[in-house]
$ cat protein_38.txt   # compact mmCIF, C-alpha atoms
# COMPACT_ATOMS: atom_id res chain seq x y z
CA MET A 1 -31.55 4.85 -45.02
CA ASN A 2 -29.62 2.88 -47.65
CA LYS A 3 -28.51 -0.54 -46.41
CA LEU A 4 -25.68 -0.73 -48.96
CA GLN A 5 -22.35 -0.54 -47.10
CA LEU A 6 -19.77 1.59 -48.89
CA THR A 7 -16.37 1.38 -47.22
CA LYS A 8 -13.73 1.59 -49.99
CA ALA A 9 -13.35 4.65 -52.20
CA ALA A 10 -11.32 5.77 -55.21
CA VAL A 11 -10.82 9.40 -56.22
CA MET A 12 -10.83 10.82 -59.74
CA GLY A 13 -9.86 14.42 -60.54
CA LYS A 14 -7.36 16.63 -62.36
CA ASN A 15 -5.96 18.59 -59.41
CA PRO A 16 -3.42 16.52 -57.39
CA HIS A 17 -3.71 18.78 -54.34
CA SER A 18 -7.49 18.42 -54.31
CA ILE A 19 -7.21 14.65 -54.67
CA ASP A 20 -4.86 14.50 -51.68
CA PHE A 21 -7.30 16.59 -49.63
CA ILE A 22 -10.22 14.32 -50.56
CA LYS A 23 -8.23 11.23 -49.61
CA LYS A 24 -7.59 12.73 -46.17
CA GLU A 25 -11.28 13.56 -45.77
CA LEU A 26 -12.22 10.01 -46.72
CA GLN A 27 -9.85 8.66 -44.08
CA LYS A 28 -11.32 11.03 -41.50
CA TYR A 29 -14.75 9.51 -42.07
CA GLY A 30 -13.46 5.95 -41.87
CA PHE A 31 -13.31 5.14 -45.57
CA VAL A 32 -10.43 3.10 -47.02
CA HIS A 33 -8.72 4.47 -50.12
CA ASP A 34 -8.77 1.72 -52.75
CA GLU A 35 -8.01 2.39 -56.42
CA GLU A 36 -8.23 -1.27 -57.43
CA ASN A 37 -11.61 -2.43 -56.11
CA PRO A 38 -13.59 0.53 -54.73
CA ASP A 39 -17.18 0.44 -53.50
CA PHE A 40 -17.67 3.97 -54.79
CA VAL A 41 -15.77 6.72 -56.60
CA VAL A 42 -15.47 10.40 -55.75
CA SER A 43 -15.56 12.20 -59.10
CA TYR A 44 -14.13 15.68 -58.45
CA GLY A 45 -14.65 17.99 -61.39
CA GLY A 46 -17.56 18.38 -63.76
CA ASP A 47 -19.62 16.47 -66.32
CA GLY A 48 -16.48 15.48 -68.21
CA MET A 49 -14.80 13.99 -65.14
CA TYR A 50 -17.93 11.93 -64.45
CA LEU A 51 -17.64 10.42 -67.94
CA ILE A 52 -13.94 9.70 -67.45
CA SER A 53 -14.65 8.17 -64.03
CA GLU A 54 -17.32 5.93 -65.52
CA ARG A 55 -14.97 4.66 -68.23
CA THR A 56 -12.35 3.94 -65.58
CA TYR A 57 -14.75 2.31 -63.11
CA PRO A 58 -17.82 1.20 -65.11
CA GLY A 59 -20.89 0.44 -63.02
CA ILE A 60 -19.31 1.51 -59.72
CA PRO A 61 -21.39 4.18 -57.89
CA LYS A 62 -20.03 7.72 -58.27
CA VAL A 63 -20.51 10.76 -56.08
CA LEU A 64 -20.08 13.95 -58.13
CA ILE A 65 -18.34 16.82 -56.34
CA ARG A 66 -18.21 20.13 -58.18
CA ASP A 67 -14.92 21.64 -59.35
CA SER A 68 -16.36 23.05 -62.56
CA LYS A 69 -19.11 25.41 -63.71
CA ILE A 70 -20.35 22.70 -66.07
CA CYS A 71 -21.72 19.91 -63.91
CA ASN A 72 -25.47 19.49 -64.06
CA LYS A 73 -25.62 16.65 -61.54
CA CYS A 74 -22.86 17.69 -59.13
CA HIS A 75 -23.46 18.20 -55.44
CA ASP A 76 -23.16 21.79 -54.26
CA LEU A 77 -22.97 20.59 -50.66
CA PRO A 78 -19.72 20.64 -48.63
CA LEU A 79 -17.58 17.52 -49.04
CA ASP A 80 -17.72 16.65 -45.33
CA HIS A 81 -21.52 16.74 -45.42
CA VAL A 82 -21.61 14.42 -48.44
CA LEU A 83 -19.17 11.94 -46.90
CA GLU A 84 -21.04 11.95 -43.58
CA ARG A 85 -24.27 11.11 -45.41
CA ILE A 86 -22.64 8.27 -47.32
CA LYS A 87 -21.07 6.91 -44.13
CA THR A 88 -24.43 6.85 -42.32
CA GLY A 89 -26.32 5.39 -45.28
CA LYS A 90 -28.34 8.55 -45.92
CA PHE A 91 -28.11 8.45 -49.68
CA LYS A 92 -29.88 7.05 -52.71
CA LEU A 93 -28.64 5.63 -55.98
CA GLU A 94 -29.79 6.97 -59.34
CA LYS A 95 -29.15 5.08 -62.57
CA ASP A 96 -28.23 6.69 -65.88
CA TYR A 97 -28.83 3.98 -68.46
CA LYS A 98 -26.21 3.94 -71.16
CA LEU A 99 -26.59 3.94 -74.91
CA MET A 100 -25.15 1.03 -76.87
CA ALA A 101 -23.84 1.10 -80.43
CA VAL A 102 -23.22 -2.12 -82.37
CA LEU A 103 -21.16 -2.57 -85.52
CA PRO A 104 -21.94 -5.27 -88.13
CA SER A 105 -18.93 -7.19 -86.75
CA GLY A 106 -20.71 -7.45 -83.42
CA GLU A 107 -18.29 -5.08 -81.69
CA SER A 108 -20.21 -2.87 -79.26
CA PHE A 109 -19.62 0.45 -77.50
CA LEU A 110 -21.32 2.16 -74.55
CA ALA A 111 -21.91 5.85 -73.86
CA VAL A 112 -23.38 7.73 -70.91
CA ASN A 113 -23.99 10.97 -72.82
CA GLU A 114 -24.01 10.42 -76.55
CA PHE A 115 -22.57 8.96 -79.71
CA VAL A 116 -21.54 11.32 -82.50
CA LEU A 117 -21.31 10.53 -86.22
CA ARG A 118 -19.57 13.32 -88.10
CA ASN A 119 -18.22 13.72 -91.64
CA GLU A 120 -14.56 12.68 -91.76
CA LYS A 121 -13.65 15.50 -94.15
CA PRO A 122 -15.22 18.95 -93.60
CA THR A 123 -15.33 19.48 -97.37
CA HIS A 124 -17.48 16.36 -97.93
CA ALA A 125 -21.05 16.00 -96.69
CA TYR A 126 -22.26 12.84 -94.99
CA ARG A 127 -25.26 11.05 -96.53
CA PHE A 128 -27.22 8.60 -94.40
CA ASP A 129 -30.52 6.76 -93.99
CA LEU A 130 -32.34 6.34 -90.70
CA TYR A 131 -34.34 3.27 -89.69
CA VAL A 132 -36.37 2.91 -86.49
CA ASN A 133 -37.21 -0.68 -85.52
CA GLU A 134 -36.09 -1.75 -89.02
CA LYS A 135 -38.55 0.61 -90.76
CA LEU A 136 -37.18 3.38 -92.99
CA LEU A 137 -37.76 6.75 -91.35
CA GLU A 138 -35.57 9.15 -93.35
CA LYS A 139 -33.98 8.60 -96.76
CA GLU A 140 -30.55 10.01 -97.64
CA LEU A 141 -30.22 12.94 -95.31
CA ILE A 142 -27.25 15.19 -96.14
CA GLY A 143 -25.18 17.15 -93.64
CA ASP A 144 -22.34 17.04 -91.15
CA GLY A 145 -23.78 14.15 -89.16
CA ILE A 146 -25.93 13.34 -86.14
CA VAL A 147 -25.80 13.08 -82.36
CA ILE A 148 -27.60 10.19 -80.64
CA ALA A 149 -28.06 11.07 -76.97
CA THR A 150 -29.42 9.64 -73.76
CA SER A 151 -31.75 11.71 -71.60
CA PHE A 152 -28.80 12.27 -69.23
CA GLY A 153 -26.71 13.51 -72.15
CA SER A 154 -29.46 15.77 -73.50
CA THR A 155 -27.89 18.68 -71.60
CA GLY A 156 -24.65 18.31 -73.58
CA TYR A 157 -23.95 18.24 -77.32
CA PHE A 158 -27.61 17.45 -78.06
CA TYR A 159 -28.64 20.68 -76.35
CA SER A 160 -25.94 22.68 -78.12
CA ILE A 161 -27.49 21.74 -81.46
CA THR A 162 -31.21 21.72 -80.62
CA ARG A 163 -31.56 24.02 -77.57
CA LYS A 164 -33.86 21.33 -76.20
CA LYS A 165 -33.67 18.72 -73.42
CA PHE A 166 -35.68 15.57 -72.77
CA LYS A 167 -36.27 13.30 -69.77
CA LYS A 168 -36.97 9.90 -71.34
CA GLY A 169 -35.92 7.94 -74.40
CA LEU A 170 -33.23 8.51 -77.01
CA GLY A 171 -32.68 11.82 -78.77
CA ILE A 172 -31.39 12.37 -82.30
CA ALA A 173 -29.99 15.79 -83.18
CA PHE A 174 -29.19 16.64 -86.79
CA ASN A 175 -25.96 18.53 -87.35
CA ASN A 176 -26.12 21.15 -90.11
CA LEU A 177 -28.39 19.33 -92.58
CA THR A 178 -29.07 20.82 -96.00
CA ILE A 179 -32.76 20.67 -95.09
CA PRO A 180 -33.31 21.62 -91.42
CA LYS A 181 -35.00 18.97 -89.30
CA LYS A 182 -36.31 19.06 -85.76
CA PRO A 183 -34.74 16.61 -83.31
CA LEU A 184 -36.33 13.18 -82.90
CA ILE A 185 -37.13 11.63 -79.52
CA LEU A 186 -37.48 7.83 -79.55
CA LYS A 187 -38.72 5.47 -76.86
CA ASN A 188 -36.30 3.61 -74.59
CA THR A 189 -37.31 0.39 -76.32
CA ASP A 190 -36.71 1.66 -79.87
CA GLU A 191 -33.73 0.65 -81.98
CA LEU A 192 -32.16 3.15 -84.35
CA ASN A 193 -30.18 2.03 -87.40
CA VAL A 194 -27.98 4.50 -89.26
CA PHE A 195 -26.86 3.42 -92.74
CA SER A 196 -23.95 5.35 -94.26
CA VAL A 197 -24.94 5.92 -97.87
CA ARG A 198 -21.96 8.00 -98.91
CA GLY A 199 -18.91 9.33 -97.13
CA ASN A 200 -16.81 8.04 -94.27
CA VAL A 201 -17.63 9.37 -90.81
CA THR A 202 -15.87 9.63 -87.49
CA PHE A 203 -17.58 7.73 -84.68
CA SER A 204 -17.04 8.83 -81.09
CA SER A 205 -18.62 8.42 -77.66
CA ASP A 206 -18.86 10.92 -74.81
CA ASN A 207 -15.49 12.65 -74.31
CA ASN A 208 -13.52 9.52 -75.15
CA PRO A 209 -10.40 10.47 -77.19
CA ASP A 210 -10.58 7.19 -79.14
CA ILE A 211 -12.07 8.01 -82.56
CA HIS A 212 -13.17 5.33 -85.04
CA ILE A 213 -13.73 5.66 -88.79
CA ILE A 214 -16.96 4.17 -90.17
CA LYS A 215 -16.86 3.40 -93.89
CA GLU A 216 -19.74 4.11 -96.24
CA GLY A 217 -22.05 1.16 -96.76
CA VAL A 218 -21.97 0.24 -93.05
CA THR A 219 -24.97 0.20 -90.69
CA LEU A 220 -24.64 1.15 -87.04
CA LYS A 221 -27.29 0.05 -84.52
CA PHE A 222 -28.15 2.13 -81.46
CA LYS A 223 -30.33 1.17 -78.52
CA GLN A 224 -30.56 1.60 -74.77
CA SER A 225 -28.26 -0.72 -72.87
CA GLU A 226 -29.08 -2.72 -69.76
CA HIS A 227 -25.89 -1.26 -68.25
CA ALA A 228 -26.08 1.96 -66.26
CA ALA A 229 -23.82 4.52 -64.68
CA ILE A 230 -24.82 4.94 -61.03
CA ARG A 231 -24.75 8.24 -59.15
CA ILE A 232 -24.81 8.60 -55.35
CA VAL A 233 -27.24 11.38 -54.35
CA VAL A 234 -27.46 12.93 -50.89
CA ASN A 235 -29.34 15.92 -49.46
$ encode --input "protein_38.txt" --output "C-alpha cells"
Amino acid sequence: MNKLQLTKAAVMGKNPHSIDFIKKELQKYGFVHDEENPDFVVSYGGDGMYLISERTYPGIPKVLIRDSKICNKCHDLPLDHVLERIKTGKFKLEKDYKLMAVLPSGESFLAVNEFVLRNEKPTHAYRFDLYVNEKLLEKELIGDGIVIATSFGSTGYFYSITRKKFKKGLGIAFNNLTIPKKPLILKNTDELNVFSVRGNVTFSSDNNPDIHIIKEGVTLKFKQSEHAAIRIVVN
C-alpha cells in the first residue's frame, strides 16, 4: 500500500477521443482533472508519448497506458483496473534516472532515453575522442557519430545499433565507424567526455524536435543526473 495520495491528474495522448474517455474514467474514480498542477499524468500512447509527457511534466509520476505496439513499460491491464489501483494506493513508483549533458558554457540538457551526436553533413565523417573520468579512452574515432543511452533507453536507438540491452550504467553505441567497435557500458558514477576533433555534429535528446549544432573543438560532458522520470506501476 503506497501512502502517497494522488488526486489530481493530467492526460497526455494524440487521440482527442481517447483523451476525453480517459478524463471521464478519471472522474468516475474520483480524480480531478488538472493540467496545471497534477499529482500524476496518464501517458496514453507508447514510449514516445512517455518521453513527451516527461518533457511536459518533468518529475511528475506517469502511468503508461498502451496505445502503441512500441511501449516496453506500458501497462497491458484495463484502464479501470489501473485507476482503481492508483485510487486505493496499490501501486509502486519506479525511477528512471536521466542522463545529463553539459556544454562548456554550462548549459545542461536532460534525457530519459539517450543523447545522439551525429554528423551534420552525411558526406562528412565525424571525428571524435572519448574520455572516461578525464582519461583518454579512444583517440580520433571516425564515423557517423554515437548514441549515449540510459539503461531505460537501451531498448531504443542503442538497441537498433548494437542489438544489445543493459540494466545498469550508461551505454555508448558507435554509429557506422570506419573500424567497428563493440558498445561500451560505463558505471552510473562514470563521466564521459566527447571531444569533437573535426566536423560539426547535430546534438539531440530523446524524441525532442529541438536540434542543436555542436562545433568542432567543443567537449560535451555526459553523466547520470540526480533527476529521474517516475513511473507508476500496478499489478
$ residues_around --input "protein_38.txt" --residues "Tyr57 of chain A" --least-positions-apart "3" --cutoff "10 Å" --atoms "only C-alpha atoms" --output "PyMOL selection string"
chain A and resi 10+12+35-38+40-41+51-54+60-62+229
$ closest_residue --input "protein_38.txt" --among "A:Thr162, A:Val132, A:Phe222, A:Asn119" --to "Arg198 of chain A" --atoms "all atoms listed in the file"
A:Asn119
$ atom_distance --input "protein_38.txt" --atom1 "atom CA of Leu141 of chain A" --atom2 "atom CA of Pro209 of chain A"
27.0 Å
$ atom_distance --input "protein_38.txt" --atom1 "atom CA of Arg127 of chain A" --atom2 "atom CA of Leu170 of chain A"
21.2 Å
$ residues_around --input "protein_38.txt" --residues "Phe109 of chain A" --least-positions-apart "5" --cutoff "8 Å" --atoms "all atoms listed in the file" --output "PyMOL selection string"
chain A and resi 100-102
$ residues_around --input "protein_38.txt" --residues "Ser18 of chain A" --least-positions-apart "5" --cutoff "12 Å" --atoms "all atoms listed in the file" --output "JSON, numbers by chain"
{"A": [11, 12, 13, 23, 24, 25, 42, 43, 44, 45, 65, 66, 67, 79]}
$ residues_around --input "protein_38.txt" --residues "Arg55 of chain A" --least-positions-apart "6" --cutoff "10 Å" --atoms "all atoms listed in the file" --output "VMD selection string"
chain A and resid 49 110 to 112 206 208 229
$ residues_around --input "protein_38.txt" --residues "Lys98 of chain A" --least-positions-apart "3" --cutoff "9 Å" --atoms "only C-alpha atoms" --output "number ranges by chain"
A: 110-114, 150, 152, 223-229
$ build_atoms --input "protein_38.txt" --residues "segment 165-188 of chain A" --atoms "N, CA and C atoms" --output "PDB file, in the coordinates of the input"
ATOM      1  N   LYS A 165     -34.038  19.834 -74.292  1.00  0.00           N
ATOM      2  CA  LYS A 165     -33.670  18.720 -73.420  1.00  0.00           C
ATOM      3  C   LYS A 165     -34.840  17.752 -73.377  1.00  0.00           C
ATOM      4  N   PHE A 166     -34.593  16.530 -72.930  1.00  0.00           N
ATOM      5  CA  PHE A 166     -35.680  15.570 -72.770  1.00  0.00           C
ATOM      6  C   PHE A 166     -35.380  14.677 -71.574  1.00  0.00           C
ATOM      7  N   LYS A 167     -36.409  14.065 -71.015  1.00  0.00           N
ATOM      8  CA  LYS A 167     -36.270  13.300 -69.770  1.00  0.00           C
ATOM      9  C   LYS A 167     -36.314  11.795 -69.977  1.00  0.00           C
ATOM     10  N   LYS A 168     -36.872  11.341 -71.096  1.00  0.00           N
ATOM     11  CA  LYS A 168     -36.970   9.900 -71.340  1.00  0.00           C
ATOM     12  C   LYS A 168     -36.647   9.606 -72.802  1.00  0.00           C
ATOM     13  N   GLY A 169     -36.128   8.398 -73.035  1.00  0.00           N
ATOM     14  CA  GLY A 169     -35.920   7.940 -74.400  1.00  0.00           C
ATOM     15  C   GLY A 169     -34.546   8.277 -74.956  1.00  0.00           C
ATOM     16  N   LEU A 170     -34.449   8.198 -76.277  1.00  0.00           N
ATOM     17  CA  LEU A 170     -33.230   8.510 -77.010  1.00  0.00           C
ATOM     18  C   LEU A 170     -33.480   9.723 -77.892  1.00  0.00           C
ATOM     19  N   GLY A 171     -32.512  10.617 -77.967  1.00  0.00           N
ATOM     20  CA  GLY A 171     -32.680  11.820 -78.770  1.00  0.00           C
ATOM     21  C   GLY A 171     -31.725  11.828 -79.944  1.00  0.00           C
ATOM     22  N   ILE A 172     -32.228  12.255 -81.107  1.00  0.00           N
ATOM     23  CA  ILE A 172     -31.390  12.370 -82.300  1.00  0.00           C
ATOM     24  C   ILE A 172     -31.364  13.825 -82.727  1.00  0.00           C
ATOM     25  N   ALA A 173     -30.171  14.414 -82.727  1.00  0.00           N
ATOM     26  CA  ALA A 173     -29.990  15.790 -83.180  1.00  0.00           C
ATOM     27  C   ALA A 173     -29.274  15.777 -84.518  1.00  0.00           C
ATOM     28  N   PHE A 174     -29.758  16.582 -85.442  1.00  0.00           N
ATOM     29  CA  PHE A 174     -29.190  16.640 -86.790  1.00  0.00           C
ATOM     30  C   PHE A 174     -28.237  17.817 -86.896  1.00  0.00           C
ATOM     31  N   ASN A 175     -27.023  17.521 -87.335  1.00  0.00           N
ATOM     32  CA  ASN A 175     -25.960  18.530 -87.350  1.00  0.00           C
ATOM     33  C   ASN A 175     -25.816  19.139 -88.742  1.00  0.00           C
ATOM     34  N   ASN A 176     -26.337  20.356 -88.890  1.00  0.00           N
ATOM     35  CA  ASN A 176     -26.120  21.150 -90.110  1.00  0.00           C
ATOM     36  C   ASN A 176     -26.590  20.441 -91.378  1.00  0.00           C
ATOM     37  N   LEU A 177     -27.842  19.963 -91.381  1.00  0.00           N
ATOM     38  CA  LEU A 177     -28.390  19.330 -92.580  1.00  0.00           C
ATOM     39  C   LEU A 177     -28.689  20.368 -93.650  1.00  0.00           C
ATOM     40  N   THR A 178     -28.714  19.910 -94.904  1.00  0.00           N
ATOM     41  CA  THR A 178     -29.070  20.820 -96.000  1.00  0.00           C
ATOM     42  C   THR A 178     -30.541  21.243 -95.898  1.00  0.00           C
ATOM     43  N   ILE A 179     -31.353  20.334 -95.365  1.00  0.00           N
ATOM     44  CA  ILE A 179     -32.760  20.670 -95.090  1.00  0.00           C
ATOM     45  C   ILE A 179     -32.963  20.558 -93.587  1.00  0.00           C
ATOM     46  N   PRO A 180     -33.208  21.659 -92.886  1.00  0.00           N
ATOM     47  CA  PRO A 180     -33.310  21.620 -91.420  1.00  0.00           C
ATOM     48  C   PRO A 180     -34.380  20.645 -90.944  1.00  0.00           C
ATOM     49  N   LYS A 181     -34.057  19.912 -89.880  1.00  0.00           N
ATOM     50  CA  LYS A 181     -35.000  18.970 -89.300  1.00  0.00           C
ATOM     51  C   LYS A 181     -35.001  19.118 -87.782  1.00  0.00           C
ATOM     52  N   LYS A 182     -36.197  19.009 -87.213  1.00  0.00           N
ATOM     53  CA  LYS A 182     -36.310  19.060 -85.760  1.00  0.00           C
ATOM     54  C   LYS A 182     -35.738  17.772 -85.172  1.00  0.00           C
ATOM     55  N   PRO A 183     -35.281  17.819 -83.935  1.00  0.00           N
ATOM     56  CA  PRO A 183     -34.740  16.610 -83.310  1.00  0.00           C
ATOM     57  C   PRO A 183     -35.823  15.547 -83.135  1.00  0.00           C
ATOM     58  N   LEU A 184     -35.413  14.293 -83.120  1.00  0.00           N
ATOM     59  CA  LEU A 184     -36.330  13.180 -82.900  1.00  0.00           C
ATOM     60  C   LEU A 184     -36.117  12.626 -81.496  1.00  0.00           C
ATOM     61  N   ILE A 185     -37.206  12.276 -80.828  1.00  0.00           N
ATOM     62  CA  ILE A 185     -37.130  11.630 -79.520  1.00  0.00           C
ATOM     63  C   ILE A 185     -37.779  10.252 -79.662  1.00  0.00           C
ATOM     64  N   LEU A 186     -36.985   9.200 -79.438  1.00  0.00           N
ATOM     65  CA  LEU A 186     -37.480   7.830 -79.550  1.00  0.00           C
ATOM     66  C   LEU A 186     -37.739   7.249 -78.167  1.00  0.00           C
ATOM     67  N   LYS A 187     -38.459   6.150 -78.122  1.00  0.00           N
ATOM     68  CA  LYS A 187     -38.720   5.470 -76.860  1.00  0.00           C
ATOM     69  C   LYS A 187     -37.472   4.705 -76.410  1.00  0.00           C
ATOM     70  N   ASN A 188     -37.422   4.388 -75.119  1.00  0.00           N
ATOM     71  CA  ASN A 188     -36.300   3.610 -74.590  1.00  0.00           C
ATOM     72  C   ASN A 188     -36.170   2.252 -75.256  1.00  0.00           C
TER      73      ASN A 188
END
